[in-house]
Amino acid sequence: MTTLMRALCLRFAARTPPLACIDGMDHITFLVAVVIVTALAFDFTNGFHDTANAMATSIATGALKPRTAVLISGVLNVVGAFLSTEVAKTISGGIVDDTLVTPGMIFAGLVGAILWNLATWLLGLPSSSSHALFGGLIGAVWVGAGEHGVHFDKVVEKVLLPAVASPLIAGVAALIATYLAYRITARARQKTVTKGFRLGQIASASLVSLAHGTNDAQKTMGVITLTLISAGALGHDAGPPLWVIASAGLAIGLGTYLGGWRIIRTMGKGLTDIQSPQGFAAEAASTTVILTSAHLGFALSTTQVCSGGILGAGLGRRLAEVRWGTAGRMVVAWLVTLPAAALVGGLSASVVTHGGNFGIVVIALLALAVATFIVVMSRRNPVHASNVNETHEVSVRGAAPAEVGTAA
Amino acid sequence: MQLDWSALGEVAAVSTGVTVGVVVVFALGVLGLARAEAAREGDGGTDPVGLGVAGLCFLACASVVAYGIHLIVPQFH
């Protein structure tokens, strides 16, 4: 138990690096190994949860075949992971006090984020993976270190404000762009118009995928690197080792390639019946909002931006049918994401801080059981590459999976 | 807590402007292409204006995409 106590007492930035830190494997305790595996698992769910952001509209309009779309997106995510040199220097971007965070809290936060990602995937709801991660960490730090460990003003500034503003901006931009695109091409041959915008969609969807890889894989790399630093396996200001970059990139790429087909159906078919000019306008809006905000230092959710763009594009086609019921459920999921992940993160953190290694094993096994249950539930009404475009509904036949996610 | 409203406004203005610009230019390119194809199928003739407009428009869009890649890839900065 002594190694465990030591590991639990480790604080980021509170420890000077050991002189010989080349052979880092000696420092990797059970806890650190569990955090790394959990972080990669989160990265994987992040990948398949977010495939829809880049590819849902391209798949729905037939610009890309479903399998081709997820392959392109997966490869570009891996490429993006290797391209990003500015790996997150903080775990949360200042939302929690990083000096109070222990590897055990990170583990608990990641568990909260993973379970929420799986639960929303089962329901086919596009919710933010970043908010799930932030929520899990907030809950874990709140329970593990106390209320003062959470910077609530930063939560408003960095999470809530962009969450409200960014989908609105993308939506309005896509609405205007869609309206004009239909006005301009109204009298042109529809065959050429459809084909032309489909080709354009391939480019815009690829840009979203690449941007996603540089942003989201980097978060996992940051979590793993900071954990290694806190355990003394890496020097104080060390960047991520190659194996961290490679494994994080592969985890998100594989997740993306697996494809979160349930969410792809909701975003491509569920919100509105999308045509190729709308898909192009929605993706163009999402890409520009993501790039301009990243350039100006705004953190935002790719998922929310893309959903906003799709809704705007739906409205822009002469107020074409938007399924407000689906949109409403999606917005509810956005609101619930952070608190729900925080609840699971907080519960896990209390077990981990009181139960030590035993607590970690219990939480890991419980999380695995819930994850397996969710996957089994999804089999009752599976959505995959060959039936993703068939209907616009994702159903779980009479189950209540949202409660499953938070009950863990 | 201070909210950076001007940065937010900048994001809104730039995003909307670029999105609408790119989509309108792309739509004009598609329109040009559609006219050229219609002319070819109609009387077998060519529509150099349509093709030229399409080419220019798609080139403009391609350069915006290139700038987007430039922004995404940190090695280019």
# chains A, B, ... in the order shown; residues from 1 in each chain; ligands from 1
$ interface_residues --of "chain B" --to "chain A" --cutoff "10 Å" --atoms "only C-alpha atoms" --output "PyMOL selection string"
chain B and resi 1-4+7-35+37-38+58+61-62+65-66+68-69+71-75
$ atom_distance --atom1 "CA of Trp116 (chain A)" --atom2 "CA of Phe134 (chain A)"
11.7 Å
$ atom_distance --atom1 "CA of Ala342 (chain A)" --atom2 "CA of Ile138 (chain A)"
5.8 Å
$ atom_distance --atom1 "CA of Gly279 (chain A)" --atom2 "CA of Ala217 (chain A)"
25.3 Å
$ residues_around --residues "region 117-121 of chain A" --least-positions-apart "3" --cutoff "7 Å" --atoms "only C-alpha atoms" --output "list in words"
Thr45, His49, Ala113, Ile114, Gly124, Leu125, Ser127, Ser129, Arg262, Ile263, Ala371, Ile374, Pro401, Ala402 and Gly405 of chain A
